[in-house]
file run_31.cif (mmCIF, C-alpha atoms)
data_start
#
loop_
_atom_site.group_PDB
_atom_site.id
_atom_site.type_symbol
_atom_site.label_atom_id
_atom_site.label_comp_id
_atom_site.auth_asym_id
_atom_site.auth_seq_id
_atom_site.Cartn_x
_atom_site.Cartn_y
_atom_site.Cartn_z
ATOM 1 C CA MET Z 11 5.394 9.838 -1.673
ATOM 2 C CA SER Z 12 4.728 7.755 -4.795
ATOM 3 C CA GLU Z 13 6.100 4.549 -6.249
ATOM 4 C CA LYS Z 14 6.085 3.879 -10.002
ATOM 5 C CA LEU Z 15 4.347 0.570 -10.607
ATOM 6 C CA PHE Z 16 4.844 0.413 -14.354
ATOM 7 C CA GLU Z 17 5.154 2.378 -17.576
ATOM 8 C CA PHE Z 18 4.297 1.557 -21.191
ATOM 9 C CA VAL Z 19 3.363 3.224 -24.494
ATOM 10 C CA THR Z 20 -0.079 2.797 -26.054
ATOM 11 C CA ALA Z 21 -1.875 4.047 -29.159
ATOM 12 C CA GLY Z 22 -3.992 7.199 -28.971
ATOM 13 C CA SER Z 23 -3.678 10.773 -27.808
ATOM 14 C CA PRO Z 24 -3.379 11.502 -24.075
ATOM 15 C CA ARG Z 25 -6.966 12.865 -24.132
ATOM 16 C CA ALA Z 26 -8.304 9.649 -25.718
ATOM 17 C CA VAL Z 27 -6.318 7.431 -23.343
ATOM 18 C CA SER Z 28 -7.538 9.454 -20.334
ATOM 19 C CA GLY Z 29 -11.131 8.823 -21.412
ATOM 20 C CA ALA Z 30 -10.496 5.075 -21.560
ATOM 21 C CA ILE Z 31 -8.906 5.151 -18.104
ATOM 22 C CA GLU Z 32 -11.858 7.124 -16.678
ATOM 23 C CA GLN Z 33 -14.215 4.448 -18.012
ATOM 24 C CA LEU Z 34 -12.116 1.651 -16.482
ATOM 25 C CA ALA Z 35 -12.344 3.357 -13.097
ATOM 26 C CA VAL Z 36 -16.119 3.782 -13.410
ATOM 27 C CA GLY Z 37 -16.406 0.103 -14.310
ATOM 28 C CA LEU Z 38 -14.773 -0.890 -11.031
ATOM 29 C CA GLY Z 39 -17.489 0.955 -9.135
ATOM 30 C CA SER Z 40 -15.707 2.595 -6.237
ATOM 31 C CA LEU Z 41 -12.990 4.502 -8.087
ATOM 32 C CA THR Z 42 -12.713 7.738 -10.003
ATOM 33 C CA ALA Z 43 -9.903 8.746 -12.340
ATOM 34 C CA ILE Z 44 -10.017 12.388 -13.362
ATOM 35 C CA VAL Z 45 -7.673 14.698 -15.220
ATOM 36 C CA VAL Z 46 -6.136 17.306 -12.915
ATOM 37 C CA PRO Z 47 -5.922 20.413 -15.154
ATOM 38 C CA TRP Z 48 -3.564 22.415 -12.912
ATOM 39 C CA GLU Z 49 -1.005 19.578 -13.035
ATOM 40 C CA SER Z 50 -1.342 19.092 -16.811
ATOM 41 C CA ASP Z 51 -0.007 20.946 -19.851
ATOM 42 C CA SER Z 52 -0.075 20.693 -23.643
ATOM 43 C CA THR Z 53 1.819 17.367 -23.793
ATOM 44 C CA ASN Z 54 1.143 15.834 -20.355
ATOM 45 C CA LEU Z 55 -2.069 14.907 -18.586
ATOM 46 C CA CYS Z 56 -2.009 14.049 -14.911
ATOM 47 C CA MET Z 57 -4.884 11.971 -13.553
ATOM 48 C CA ALA Z 58 -5.776 11.549 -9.903
ATOM 49 C CA VAL Z 59 -7.132 8.122 -9.002
ATOM 50 C CA ALA Z 60 -9.311 8.115 -5.908
ATOM 51 C CA SER Z 61 -11.448 5.729 -3.942
ATOM 52 C CA THR Z 62 -14.965 7.067 -3.506
ATOM 53 C CA GLN Z 63 -17.319 6.280 -0.655
ATOM 54 C CA GLY Z 64 -20.707 7.661 0.260
ATOM 55 C CA GLU Z 65 -23.573 9.105 -1.725
ATOM 56 C CA GLY Z 66 -24.716 12.446 -3.099
ATOM 57 C CA TRP Z 67 -23.108 15.439 -1.388
ATOM 58 C CA ALA Z 68 -21.501 13.205 1.259
ATOM 59 C CA LEU Z 69 -19.081 11.661 -1.208
ATOM 60 C CA GLU Z 70 -15.595 11.141 0.228
ATOM 61 C CA HIS Z 71 -12.545 10.880 -2.062
ATOM 62 C CA THR Z 72 -9.282 9.308 -0.910
ATOM 63 C CA ASN Z 73 -6.387 9.716 -3.329
ATOM 64 C CA ILE Z 74 -4.691 6.363 -3.945
ATOM 65 C CA GLY Z 75 -2.571 6.975 -7.020
ATOM 66 C CA THR Z 76 -1.686 8.932 -10.122
ATOM 67 C CA VAL Z 77 -1.617 8.193 -13.835
ATOM 68 C CA ARG Z 78 0.629 10.391 -15.990
ATOM 69 C CA LEU Z 79 -0.027 10.474 -19.721
ATOM 70 C CA THR Z 80 2.619 11.955 -22.001
ATOM 71 C CA ASP Z 81 2.215 12.613 -25.721
ATOM 72 C CA VAL Z 82 5.188 10.939 -27.410
ATOM 73 C CA GLY Z 83 4.063 11.847 -30.947
ATOM 74 C CA ASN Z 84 2.382 9.965 -33.803
ATOM 75 C CA GLU Z 85 -0.827 9.443 -31.769
ATOM 76 C CA MET Z 86 1.082 7.503 -29.083
ATOM 77 C CA THR Z 87 0.984 8.073 -25.326
ATOM 78 C CA ARG Z 88 3.332 6.987 -22.529
ATOM 79 C CA VAL Z 89 1.323 5.771 -19.525
ATOM 80 C CA GLU Z 90 2.961 5.904 -16.081
ATOM 81 C CA VAL Z 91 1.080 4.483 -13.091
ATOM 82 C CA LEU Z 92 2.204 5.602 -9.628
ATOM 83 C CA ALA Z 93 0.801 4.367 -6.314
ATOM 84 C CA ASP Z 94 0.594 6.643 -3.289
ATOM 85 C CA LEU Z 95 2.481 5.175 -0.359
ATOM 86 C CA GLN Z 96 1.014 5.569 3.106
ATOM 87 C CA GLU Z 97 1.436 3.533 6.242
ATOM 88 C CA ASN Z 98 -1.996 2.840 7.704
ATOM 89 C CA ALA Z 99 -4.455 -0.043 7.654
ATOM 90 C CA GLU Z 100 -7.087 1.729 5.539
ATOM 91 C CA HIS Z 101 -4.577 2.665 2.887
ATOM 92 C CA GLN Z 102 -3.347 -0.932 2.724
ATOM 93 C CA ARG Z 103 -6.899 -1.955 1.755
ATOM 94 C CA LEU Z 104 -7.045 0.833 -0.821
ATOM 95 C CA ALA Z 105 -3.642 -0.179 -2.195
ATOM 96 C CA LYS Z 106 -5.149 -3.542 -3.164
ATOM 97 C CA LEU Z 107 -7.971 -1.747 -4.970
ATOM 98 C CA PHE Z 108 -5.437 0.419 -6.819
ATOM 99 C CA ALA Z 109 -3.418 -2.673 -7.742
ATOM 100 C CA ARG Z 110 -6.551 -4.202 -9.284
ATOM 101 C CA PHE Z 111 -7.249 -0.952 -11.167
ATOM 102 C CA SER Z 112 -3.624 -0.833 -12.371
ATOM 103 C CA SER Z 113 -3.867 -4.391 -13.670
ATOM 104 C CA GLU Z 114 -7.003 -3.431 -15.612
ATOM 105 C CA VAL Z 115 -5.223 -0.418 -17.138
ATOM 106 C CA GLN Z 116 -2.285 -2.564 -18.158
ATOM 107 C CA SER Z 117 -4.410 -5.369 -19.602
ATOM 108 C CA ARG Z 118 -6.994 -3.210 -21.424
ATOM 109 C CA LEU Z 119 -4.726 -0.657 -23.073
ATOM 110 C CA PRO Z 120 -2.694 -2.269 -25.836
ATOM 111 C CA VAL Z 121 1.048 -1.889 -25.493
ATOM 112 C CA ALA Z 122 2.535 -0.322 -28.623
ATOM 113 C CA GLN Z 123 5.113 -2.358 -30.527
#
call {"tool": "encode", "arguments": {"input": "run_31.cif", "output": "structure tokens"}}
result
Amino acid sequence: MSEKLFEFVTAGSPRAVSGAIEQLAVGLGSLTAIVVPWESDSTNLCMAVASTQGEGWALEHTNIGTVRLTDVGNEMTRVEVLADLQENAEHQRLAKLFARFSSEVQSRLPVAQ
């Protein structure tokens, strides 16, 4: 189950915006944000946001949220950020990490006027 945290429109194509979001996740160190091709189409990109732990082949991914990018025309993209809702102590810790990531997305991508 997911909860929409926020939604806004920003400049750029969904592909360009997804690249910026991937870089934000990398900058936080313990997150990945990757496009999920089988949940995407010509106008929508779906990104899985996961916490990563471990090294090399022993890397563990825990899904903590989703970012949906929709082409709204004229090189503009609607960004929807959805948090995964789970009821356990570990996920509560990860929810705080996702909240920090979400704040970075919202503050670094300019909202279109």
call {"tool": "atom_distance", "arguments": {"input": "run_31.cif", "atom1": "atom CA of Z:Glu49", "atom2": "atom CA of Z:Leu34"}}
result
21.4 Å
call {"tool": "closest_residue", "arguments": {"input": "run_31.cif", "among": "Z:Thr62, Z:Thr76, Z:Thr20, Z:Ser12", "to": "Z:Val36", "atoms": "all atoms listed in the file"}}
result
Z:Thr62
call {"tool": "closest_residue", "arguments": {"input": "run_31.cif", "among": "Z:Gln102, Z:Thr87, Z:Asn54, Z:Ser112", "to": "Z:Leu41", "atoms": "all atoms listed in the file"}}
result
Z:Ser112
call {"tool": "axis_aligned_box", "arguments": {"input": "run_31.cif", "around": "stretch 19-37 of chain Z", "padding_each_side": "8 Å", "output": "lines of an AutoDock Vina configuration file"}}
result
center_x = -6.5
center_y = 6.5
center_z = -21.1
size_x = 35.8
size_y = 28.8
size_z = 32.1
call {"tool": "closest_residue", "arguments": {"input": "run_31.cif", "among": "Z:Ser117, Z:Ser61, Z:Asn84, Z:Thr72", "to": "Z:Ala21", "atoms": "only C-alpha atoms"}}
result
Z:Asn84
call {"tool": "closest_residue", "arguments": {"input": "run_31.cif", "among": "Z:Ile31, Z:Gly75, Z:Ser40, Z:Pro24", "to": "Z:Ser52", "atoms": "only C-alpha atoms"}}
result
Z:Pro24
call {"tool": "resolve_selection", "arguments": {"input": "run_31.cif", "expression": "the PyMOL selection byres ((chain Z and resi 91) around 7)", "output": "count of residues only"}}
result
11
call {"tool": "residues_near_point", "arguments": {"input": "run_31.cif", "point": "(7.7, 5.4, -25.2)", "cutoff": "7 Å", "atoms": "all atoms listed in the file", "output": "ChimeraX atom specification"}}
result
/Z:18-19,82,88
call {"tool": "atom_distance", "arguments": {"input": "run_31.cif", "atom1": "atom CA of Z:Ala43", "atom2": "atom CA of Z:Leu107"}}
result
13.0 Å
call {"tool": "residues_around", "arguments": {"input": "run_31.cif", "residues": "Z:Glu114", "least_positions_apart": "5", "cutoff": "10 Å", "atoms": "all atoms listed in the file", "output": "list in words"}}
result
Ile31, Leu34, Ala35, Leu38, Phe108, Ala109 and Leu119 of chain Z
call {"tool": "write_last_selection", "arguments": {"input": "run_31.cif", "atoms": "C-alpha atoms", "output": "short mmCIF file (atom, residue, chain, number, x, y, z; two decimals), in the frame of the given file"}}
result
data_model
loop_
_atom_site.label_atom_id
_atom_site.label_comp_id
_atom_site.auth_asym_id
_atom_site.auth_seq_id
_atom_site.Cartn_x
_atom_site.Cartn_y
_atom_site.Cartn_z
CA ILE Z 31 -8.91 5.15 -18.10
CA LEU Z 34 -12.12 1.65 -16.48
CA ALA Z 35 -12.34 3.36 -13.10
CA LEU Z 38 -14.77 -0.89 -11.03
CA PHE Z 108 -5.44 0.42 -6.82
CA ALA Z 109 -3.42 -2.67 -7.74
CA LEU Z 119 -4.73 -0.66 -23.07
#
call {"tool": "closest_residue", "arguments": {"input": "run_31.cif", "among": "Z:Ala30, Z:Glu13, Z:Asp51, Z:Arg25", "to": "Z:Gln116", "atoms": "all atoms listed in the file"}}
result
Z:Ala30
call {"tool": "closest_residue", "arguments": {"input": "run_31.cif", "among": "Z:Thr53, Z:Gln63, Z:Gln96, Z:Ser28", "to": "Z:Thr80", "atoms": "only C-alpha atoms"}}
result
Z:Thr53
call {"tool": "atom_distance", "arguments": {"input": "run_31.cif", "atom1": "atom CA of Z:Arg110", "atom2": "atom CA of Z:Gly83"}}
result
29.0 Å
call {"tool": "resolve_selection", "arguments": {"input": "run_31.cif", "expression": "the PyMOL selection byres ((chain Z and resi 46) around 9)", "output": "MDAnalysis selection string"}}
result
chainID Z and resid 44:45 47:50 55:58
